[in-house]
$ cat data-v1.txt   # compact mmCIF, C-alpha atoms
# COMPACT_ATOMS: atom_id res chain seq x y z
CA MET G 1 0.96 -5.78 -0.32
CA ASP G 2 1.08 -8.46 2.35
CA SER G 3 3.95 -10.95 2.39
CA LEU G 4 1.86 -13.91 1.24
CA SER G 5 0.76 -12.08 -1.91
CA GLN G 6 4.34 -11.13 -2.70
CA ILE G 7 5.58 -14.68 -2.08
CA VAL G 8 3.04 -16.37 -4.37
CA LEU G 9 3.45 -13.69 -7.07
CA GLY G 10 7.22 -14.14 -7.15
CA GLY G 11 6.93 -17.91 -7.04
CA ALA G 12 4.34 -18.04 -9.83
CA ILE G 13 6.36 -15.75 -12.12
CA ALA G 14 9.62 -17.64 -11.64
CA ALA G 15 7.99 -21.06 -12.05
CA ALA G 16 6.17 -19.96 -15.20
CA ILE G 17 9.36 -18.71 -16.86
CA THR G 18 11.95 -21.35 -15.98
CA PRO G 19 12.11 -24.86 -17.51
CA ALA G 20 9.49 -27.31 -16.30
CA ALA G 21 12.17 -29.55 -14.80
CA HIS G 22 13.19 -26.66 -12.50
CA ARG G 23 9.67 -25.84 -11.33
CA ARG G 24 9.89 -26.56 -7.60
CA ALA G 25 13.24 -24.83 -7.30
CA ALA G 26 11.82 -21.84 -9.19
CA LEU G 27 8.81 -21.64 -6.88
CA LEU G 28 11.13 -21.45 -3.87
CA ALA G 29 13.59 -19.06 -5.51
CA GLY G 30 10.84 -16.73 -6.73
CA ALA G 31 9.21 -16.70 -3.31
CA ALA G 32 12.52 -15.86 -1.61
CA LEU G 33 13.40 -13.11 -4.08
CA ALA G 34 9.94 -11.57 -3.83
CA THR G 35 10.35 -11.37 -0.05
CA LEU G 36 13.77 -9.72 -0.24
CA PRO G 37 12.69 -6.06 -0.78
CA ASP G 38 10.64 -5.98 2.43
CA LEU G 39 13.64 -7.00 4.51
CA ASP G 40 14.76 -3.38 4.25
CA GLY G 41 12.96 -2.76 7.53
CA LEU G 42 15.59 -4.78 9.39
CA LEU G 43 18.38 -2.73 7.83
CA ILE G 44 16.65 0.58 8.54
CA MET G 45 16.08 -0.35 12.21
CA ALA G 46 19.80 -0.98 12.58
CA PHE G 47 20.47 2.71 11.86
CA THR G 48 17.52 4.58 13.41
CA ASP G 49 14.60 4.26 15.77
CA ASN G 50 12.93 7.41 14.43
CA PRO G 51 9.38 6.28 13.57
CA VAL G 52 9.04 8.87 10.80
CA SER G 53 12.22 7.58 9.16
CA LEU G 54 11.12 3.96 9.61
CA MET G 55 7.91 4.74 7.74
CA THR G 56 9.26 6.96 4.99
CA VAL G 57 12.52 5.13 4.18
CA HIS G 58 10.68 1.80 3.87
CA ARG G 59 9.89 1.05 0.22
CA SER G 60 12.68 3.32 -1.00
CA PHE G 61 16.09 1.92 -2.07
CA SER G 62 14.87 -1.68 -1.72
CA HIS G 63 11.89 -1.02 -4.01
CA SER G 64 13.64 1.06 -6.66
CA LEU G 65 13.23 0.13 -10.32
CA PHE G 66 16.79 1.38 -10.77
CA VAL G 67 18.20 -0.89 -8.04
CA LEU G 68 16.29 -4.17 -8.29
CA PRO G 69 17.21 -5.12 -11.89
CA LEU G 70 20.87 -4.65 -10.96
CA LEU G 71 20.43 -6.71 -7.80
CA GLY G 72 18.65 -9.46 -9.72
CA THR G 73 21.39 -9.50 -12.32
CA LEU G 74 24.06 -9.74 -9.61
CA ILE G 75 22.30 -12.68 -7.92
CA TRP G 76 21.83 -14.36 -11.31
CA TRP G 77 25.52 -13.89 -12.19
CA LEU G 78 26.68 -15.32 -8.87
CA TYR G 79 24.53 -18.43 -9.31
CA LYS G 80 25.58 -18.78 -12.94
CA ARG G 81 29.25 -18.29 -12.17
CA PHE G 82 29.58 -20.35 -9.01
CA GLY G 83 26.46 -22.50 -8.80
CA HIS G 84 27.02 -24.76 -11.82
CA GLY G 85 23.39 -25.87 -11.53
CA ARG G 86 19.98 -24.97 -12.90
CA VAL G 87 20.84 -21.34 -13.62
CA ALA G 88 23.75 -22.39 -15.80
CA GLN G 89 21.50 -24.82 -17.68
CA ALA G 90 18.98 -22.13 -18.70
CA PRO G 91 20.66 -18.78 -18.01
CA ALA G 92 18.36 -16.51 -20.03
CA ARG G 93 15.16 -17.90 -18.55
CA TRP G 94 16.55 -17.78 -15.04
CA TRP G 95 17.67 -14.17 -15.52
CA TRP G 96 14.14 -13.15 -16.47
CA ALA G 97 12.70 -15.18 -13.58
CA MET G 98 14.97 -13.59 -10.97
CA VAL G 99 14.66 -10.01 -12.21
CA LEU G 100 10.89 -10.15 -12.64
CA ALA G 101 10.38 -11.80 -9.23
CA LEU G 102 12.14 -8.77 -7.73
CA VAL G 103 10.72 -6.01 -9.94
CA THR G 104 7.09 -7.08 -9.64
CA HIS G 105 7.30 -6.65 -5.86
CA PRO G 106 7.41 -2.83 -5.87
CA LEU G 107 5.01 -2.67 -8.83
CA LEU G 108 2.44 -4.61 -6.82
CA ASP G 109 3.12 -2.42 -3.78
CA ALA G 110 2.43 0.66 -5.91
CA PHE G 111 -1.19 -0.48 -6.28
CA THR G 112 -1.65 0.20 -2.53
CA VAL G 113 -1.95 3.61 -0.88
CA TYR G 114 1.15 3.44 1.36
CA GLY G 115 3.54 4.92 -1.19
CA THR G 116 6.37 3.19 -3.06
CA GLN G 117 9.50 5.06 -4.13
CA LEU G 118 9.83 3.40 -7.52
CA TRP G 119 12.35 5.94 -8.81
CA TRP G 120 14.72 6.16 -5.82
CA PRO G 121 17.27 7.85 -5.62
CA LEU G 122 15.17 10.42 -7.47
CA THR G 123 12.66 12.08 -5.15
CA PRO G 124 9.25 12.48 -6.78
CA PRO G 125 6.40 11.79 -4.32
CA PRO G 126 6.03 8.05 -3.70
CA THR G 127 3.78 6.24 -6.16
CA MET G 128 0.37 5.28 -4.72
CA TRP G 129 -2.11 4.05 -7.31
CA SER G 130 -4.28 3.01 -4.32
CA SER G 131 -6.60 0.60 -6.11
CA VAL G 132 -6.23 -2.41 -3.79
CA PHE G 133 -6.03 -2.80 -0.03
CA ILE G 134 -2.80 -4.17 1.44
CA ILE G 135 -4.57 -7.54 1.96
CA ASP G 136 -7.07 -8.60 -0.67
CA PRO G 137 -8.02 -12.30 -0.82
CA LEU G 138 -9.47 -11.99 -4.33
CA TYR G 139 -6.04 -11.01 -5.62
CA THR G 140 -4.03 -13.59 -3.72
CA ILE G 141 -6.21 -16.69 -3.96
CA TRP G 142 -5.53 -17.30 -7.68
CA LEU G 143 -1.78 -17.16 -7.25
CA LEU G 144 -1.89 -19.32 -4.13
CA LEU G 145 -3.89 -22.01 -5.94
CA ALA G 146 -1.59 -21.81 -8.95
CA CYS G 147 1.53 -22.27 -6.85
CA ALA G 148 -0.02 -25.19 -4.95
CA ILE G 149 -0.99 -26.96 -8.18
CA ALA G 150 2.43 -26.31 -9.72
CA TRP G 151 4.19 -27.67 -6.66
CA PHE G 152 2.40 -31.01 -6.88
CA ALA G 153 2.10 -31.21 -10.66
CA ARG G 154 5.81 -30.44 -11.11
CA ALA G 155 6.79 -30.78 -14.77
CA ARG G 156 3.37 -31.80 -16.06
CA PRO G 157 1.56 -29.40 -18.45
CA LEU G 158 -1.12 -28.85 -15.79
CA ALA G 159 1.41 -26.90 -13.72
CA GLN G 160 2.16 -24.40 -16.47
CA ARG G 161 -1.51 -23.94 -17.29
CA ALA G 162 -2.28 -23.29 -13.61
CA LEU G 163 0.54 -20.76 -13.30
CA VAL G 164 -0.52 -18.85 -16.40
CA ALA G 165 -4.16 -18.88 -15.29
CA GLY G 166 -3.22 -17.64 -11.82
CA LEU G 167 -1.16 -14.78 -13.22
CA VAL G 168 -3.86 -13.80 -15.71
CA LEU G 169 -6.65 -13.85 -13.11
CA SER G 170 -4.68 -11.92 -10.46
CA THR G 171 -3.56 -9.34 -13.02
CA GLY G 172 -7.12 -9.09 -14.28
CA TYR G 173 -8.24 -8.34 -10.74
CA LEU G 174 -5.77 -5.45 -10.59
CA GLY G 175 -7.25 -4.21 -13.84
CA TRP G 176 -10.74 -4.39 -12.34
CA SER G 177 -9.54 -2.44 -9.30
CA LEU G 178 -8.40 0.41 -11.56
CA ILE G 179 -11.76 0.42 -13.35
CA ALA G 180 -13.60 0.47 -10.00
CA LYS G 181 -11.39 3.32 -8.78
CA ALA G 182 -12.10 5.34 -11.93
CA GLN G 183 -15.85 4.94 -11.37
CA VAL G 184 -15.57 6.13 -7.77
CA ASP G 185 -13.31 9.04 -8.72
CA ARG G 186 -15.77 10.21 -11.36
CA VAL G 187 -18.72 10.33 -8.92
CA ALA G 188 -16.56 11.88 -6.19
CA ALA G 189 -15.37 14.61 -8.54
CA GLN G 190 -18.95 15.55 -9.41
CA SER G 191 -20.08 15.69 -5.78
CA LEU G 192 -17.03 17.63 -4.63
CA ALA G 193 -17.51 20.14 -7.46
CA HIS G 194 -21.05 20.81 -6.20
CA MET G 195 -19.53 21.48 -2.77
CA GLY G 196 -17.07 24.01 -4.19
CA LEU G 197 -14.15 21.58 -3.87
CA ALA G 198 -13.51 20.83 -7.52
CA ASP G 199 -9.81 21.63 -7.17
CA ALA G 200 -9.30 20.17 -3.70
CA PRO G 201 -6.48 17.61 -3.38
CA ARG G 202 -8.10 14.21 -2.95
CA PHE G 203 -7.50 10.50 -3.08
CA SER G 204 -9.62 7.36 -3.18
CA VAL G 205 -8.77 4.02 -1.62
CA PRO G 206 -10.64 0.73 -1.23
CA MET G 207 -11.79 -0.32 2.20
CA PRO G 208 -10.12 -3.39 3.77
CA PHE G 209 -10.21 -6.72 1.92
CA ASN G 210 -12.40 -5.68 -1.04
CA THR G 211 -12.77 -3.42 -4.07
CA LEU G 212 -16.53 -2.82 -3.78
CA LEU G 213 -16.48 -0.23 -0.97
CA TRP G 214 -14.29 2.84 -1.37
CA ARG G 215 -13.29 5.81 0.75
CA VAL G 216 -12.59 9.26 -0.69
CA VAL G 217 -10.79 12.02 1.24
CA ALA G 218 -10.49 15.62 0.02
CA MET G 219 -8.57 18.38 1.78
CA THR G 220 -10.31 21.65 2.62
CA PRO G 221 -9.09 25.00 4.01
CA GLN G 222 -10.39 23.98 7.46
CA GLY G 223 -9.49 20.29 7.39
CA TYR G 224 -10.83 17.53 5.20
CA VAL G 225 -14.00 15.73 4.10
CA VAL G 226 -14.55 11.98 3.95
CA GLY G 227 -17.07 10.05 1.88
CA ASP G 228 -17.63 6.41 1.05
CA ARG G 229 -19.00 4.72 -2.03
CA SER G 230 -20.34 1.20 -2.51
CA LEU G 231 -20.20 0.12 -6.12
CA TRP G 232 -22.84 -2.47 -5.27
CA ALA G 233 -25.41 -0.44 -3.36
CA ASP G 234 -24.94 3.27 -4.03
CA HIS G 235 -26.54 5.44 -6.69
CA GLY G 236 -26.57 9.20 -7.17
CA PRO G 237 -24.12 11.68 -5.63
CA MET G 238 -21.70 10.85 -2.85
CA GLN G 239 -22.16 12.09 0.70
CA PHE G 240 -19.24 13.72 2.49
CA GLN G 241 -18.70 14.58 6.14
CA GLY G 242 -16.35 17.38 7.16
CA TYR G 243 -13.70 17.05 9.86
CA PRO G 244 -11.39 19.71 11.36
CA SER G 245 -7.63 19.84 11.26
CA ASN G 246 -5.38 22.38 12.94
CA VAL G 247 -4.15 23.80 9.65
CA GLN G 248 -2.72 26.87 11.38
CA ALA G 249 -0.44 24.81 13.62
CA LEU G 250 0.56 22.67 10.66
CA ARG G 251 1.46 25.75 8.66
CA GLN G 252 3.45 27.28 11.51
CA ALA G 253 5.40 24.03 12.00
CA GLY G 254 6.09 23.70 8.29
CA GLY G 255 9.84 24.11 8.79
CA VAL G 256 10.14 21.13 11.16
CA PRO G 257 12.05 18.36 9.32
CA ALA G 258 9.61 15.60 10.33
CA VAL G 259 6.67 17.71 9.09
CA GLN G 260 8.40 18.30 5.76
CA ARG G 261 9.27 14.63 5.39
CA LEU G 262 5.72 13.45 6.14
CA ASN G 263 4.21 16.11 3.90
CA TRP G 264 6.34 14.83 1.01
CA PHE G 265 5.64 11.19 1.79
CA ASN G 266 1.85 11.37 2.14
CA GLN G 267 1.44 14.27 -0.31
CA GLY G 268 -0.21 16.45 2.33
CA PHE G 269 -3.00 14.04 3.23
CA MET G 270 -2.70 14.36 6.98
CA ARG G 271 -4.63 15.64 9.96
CA ALA G 272 -3.00 17.99 12.45
CA GLN G 273 -3.99 18.03 16.13
CA VAL G 274 -2.49 19.73 19.15
CA VAL G 275 -2.47 17.30 22.08
CA ASP G 276 -0.92 18.36 25.39
CA GLY G 277 1.18 21.00 23.65
CA GLU G 278 2.45 18.60 20.99
CA LEU G 279 1.67 18.61 17.29
CA VAL G 280 0.36 15.19 16.28
CA LEU G 281 0.10 14.37 12.58
CA SER G 282 -2.08 11.50 11.32
CA ASP G 283 -1.76 9.95 7.87
CA LEU G 284 -5.29 10.12 6.44
CA ARG G 285 -4.61 7.46 3.81
CA MET G 286 -4.63 4.51 6.20
CA GLY G 287 -7.32 4.02 8.82
CA LEU G 288 -10.94 4.82 9.53
CA GLU G 289 -12.22 8.02 11.07
CA PRO G 290 -11.34 8.96 13.79
CA ASP G 291 -8.52 6.42 14.22
CA TYR G 292 -5.62 6.32 11.80
CA ASN G 293 -2.83 3.76 11.79
CA PHE G 294 0.11 6.17 11.56
CA ASN G 295 0.17 9.07 14.02
CA PHE G 296 3.32 10.97 14.99
CA ALA G 297 4.04 13.62 17.61
CA VAL G 298 6.61 15.73 15.76
CA ALA G 299 6.84 19.17 17.40
CA ARG G 300 6.34 20.87 20.77
CA GLU G 301 4.97 24.37 21.32
CA HIS G 302 7.24 26.75 23.22
CA ASP G 303 6.58 30.48 23.63
CA GLY G 304 4.16 30.43 20.74
CA GLN G 305 6.61 28.71 18.41
CA TRP G 306 6.78 25.11 17.23
CA GLN G 307 10.07 23.40 17.95
CA ALA G 308 11.19 20.06 16.55
CA MET G 309 11.18 17.12 18.93
CA ALA G 310 12.26 13.52 18.60
CA PRO G 311 9.28 12.06 16.70
CA ARG G 312 7.13 9.64 18.68
CA GLN G 313 4.55 7.28 17.22
CA VAL G 314 1.11 7.48 18.83
CA LEU G 315 -0.98 4.32 18.64
CA PRO G 316 -4.60 4.58 17.48
CA ALA G 317 -7.29 3.92 20.07
CA TYR G 318 -8.11 0.42 18.85
CA ARG G 319 -4.49 -0.66 19.44
CA GLN G 320 -4.24 0.76 22.95
CA ASP G 321 -4.79 -1.47 25.97
CA GLY G 322 -5.77 -4.40 23.79
CA ASN G 323 -8.98 -2.65 22.71
CA ARG G 324 -9.93 -4.69 19.63
CA ASP G 325 -13.71 -4.41 20.00
CA VAL G 326 -13.80 -1.06 18.20
CA LEU G 327 -11.92 -2.49 15.23
CA LYS G 328 -14.18 -5.53 15.03
CA GLN G 329 -17.26 -3.32 15.18
CA ARG G 330 -16.01 -1.09 12.38
CA LEU G 331 -15.13 -4.02 10.17
CA ALA G 332 -18.63 -5.41 10.70
CA GLN G 333 -20.10 -2.02 9.80
CA MET G 334 -17.91 -1.89 6.71
CA TRP G 335 -19.14 -5.29 5.56
CA GLN G 336 -22.75 -4.20 6.02
CA ARG G 337 -22.07 -0.94 4.21
CA ILE G 338 -20.91 -2.79 1.08
CA TRP G 339 -24.43 -4.15 0.56
CA GLN G 340 -26.55 -1.27 1.91
CA ALA G 341 -26.72 2.34 0.78
CA PRO G 342 -26.80 5.11 3.43
CA ALA G 343 -30.19 6.28 4.63
CA THR G 344 -29.96 9.70 2.94
CA THR G 345 -28.53 10.88 -0.36
CA GLY G 346 -26.84 14.02 -1.56
CA ALA G 347 -23.49 15.61 -0.85
CA ALA G 348 -22.97 17.10 2.58
CA SER G 349 -21.42 20.49 3.24
CA THR G 350 -17.85 20.90 4.44
CA GLN G 351 -18.97 22.26 7.77

$ encode --input "data-v1.txt" --output "structure tokens"
Amino acid sequence: MDSLSQIVLGGAIAAAITPAAHRRAALLAGAALATLPDLDGLLIMAFTDNPVSLMTVHRSFSHSLFVLPLLGTLIWWLYKRFGHGRVAQAPARWWWAMVLALVTHPLLDAFTVYGTQLWWPLTPPPTMWSSVFIIDPLYTIWLLLACAIAWFARARPLAQRALVAGLVLSTGYLGWSLIAKAQVDRVAAQSLAHMGLADAPRFSVPMPFNTLLWRVVAMTPQGYVVGDRSLWADHGPMQFQGYPSNVQALRQAGGVPAVQRLNWFNQGFMRAQVVDGELVLSDLRMGLEPDYNFNFAVAREHDGQWQAMAPRQVLPAYRQDGNRDVLKQRLAQMWQRIWQAPATTGAASTQ
């Protein structure tokens, strides 16, 4: 999730747990601790400029449920041992505040589609519950208001009530997002089954800034199909549009380390294109057709064989030459799509 959401979540949790007299300090400490896991990017950049590594190592060791409780305990012990302040006055409550401010960061990230390596150093595919967009105002607003009220109310009972209400409402919104996702997945499964894609790998993800409009992608032997679903406006089966991917080139380059790494990280949800003799892989989980946020040139064709190259990130069209008009237009279309069903109904073929 975005940094603001993580900051107010950590601040609200810490301030709700610690003694009322420590509330402002807890808000600041929780906010700082909740920001800490995302500073891994600075550490990773000190060791590599490989864009594939920068993407796939982020949210690994710094987001591990094995690592963060130990880190929180270490920070707590240092403050308790050498601080002689608030932590020493209420050690148990401050331990819970510090550990939970850290641990809830990767748990919240896991609700997005990016992929969070909750069990690092074990290597199952990254967790991506993909029920909220990376920025969702209806999640963040309750925590932001709660932290603001608690900051000014300090030790008064109003502060604790606001913090509890903010945590309940924001958590309830996550619960709603899972219910919405289940509804979309059920309709998508029915439509894909009618298209002969009942067993196709697929994922669903909300469109930017909301949980009313969803996007579903399913992989096919020739490429992939994309459909959208408005929980407000749509009824009946979903419509899907097919898109090609160079699956042959992807298969032939399967031994390239960057291809293997990306295939593990995004669980195979990627488009393959050959551009000027280079194999370019696009992560289908993040972006809007035809532009995806993460694109990497990973291999070069030589004498009919794919050879590894130093990976290079390729910017999507809307980020090239300051071209923001396309992005604005698509966001406007997305907003309109939330409230209006498409002109036709029925599932499309994969062709």

$ atom_distance --input "data-v1.txt" --atom1 "atom CA of G:Leu315" --atom2 "atom CA of G:Met286"
13.0 Å

$ atom_distance --input "data-v1.txt" --atom1 "atom CA of G:Leu138" --atom2 "atom CA of G:Gly72"
28.7 Å

$ closest_atom_pairs --input "data-v1.txt" --of "stretch 20-87 of chain G" --to "stretch 150-161 of chain G" --cutoff "8 Å" --atoms "only C-alpha atoms" --output "JSON lines"
{"residue": "G:Ala20", "atom": "CA", "partner": "G:Ala155", "partner_atom": "CA", "distance": 4.7}
{"residue": "G:Ala21", "atom": "CA", "partner": "G:Ala155", "partner_atom": "CA", "distance": 5.5}
{"residue": "G:His22", "atom": "CA", "partner": "G:Ala155", "partner_atom": "CA", "distance": 7.9}
{"residue": "G:Arg23", "atom": "CA", "partner": "G:Arg154", "partner_atom": "CA", "distance": 6.0}
{"residue": "G:Arg24", "atom": "CA", "partner": "G:Trp151", "partner_atom": "CA", "distance": 5.9}
{"residue": "G:Leu27", "atom": "CA", "partner": "G:Trp151", "partner_atom": "CA", "distance": 7.6}

$ atom_distance --input "data-v1.txt" --atom1 "atom CA of G:Asp199" --atom2 "atom CA of G:Ala249"
23.0 Å

$ residues_around --input "data-v1.txt" --residues "G:Ile135" --least-positions-apart "3" --cutoff "12 Å" --atoms "only C-alpha atoms" --output "ChimeraX atom specification"
/G:1-6,108-109,111-113,131-132,138-141,206-211

$ axis_aligned_box --input "data-v1.txt" --around "stretch 190-195 of chain G" --padding-each-side "5 Å" --output "JSON"
{"center_x": -19.0, "center_y": 18.5, "center_z": -6.1, "size_x": 14.0, "size_y": 15.9, "size_z": 16.6}

$ closest_residue --input "data-v1.txt" --among "G:Lys80, G:Val52, G:Val216, G:Leu327" --to "G:Ser282" --atoms "all atoms listed in the file"
G:Val52

$ residues_around --input "data-v1.txt" --residues "G:Tyr79" --least-positions-apart "5" --cutoff "12 Å" --atoms "only C-alpha atoms" --output "ChimeraX atom specification"
/G:29,72-74,84-91,94-95,98

$ closest_residue --input "data-v1.txt" --among "G:Gln248, G:Ser191, G:Ser230, G:Gln239" --to "G:Gln305" --atoms "only C-alpha atoms"
G:Gln248
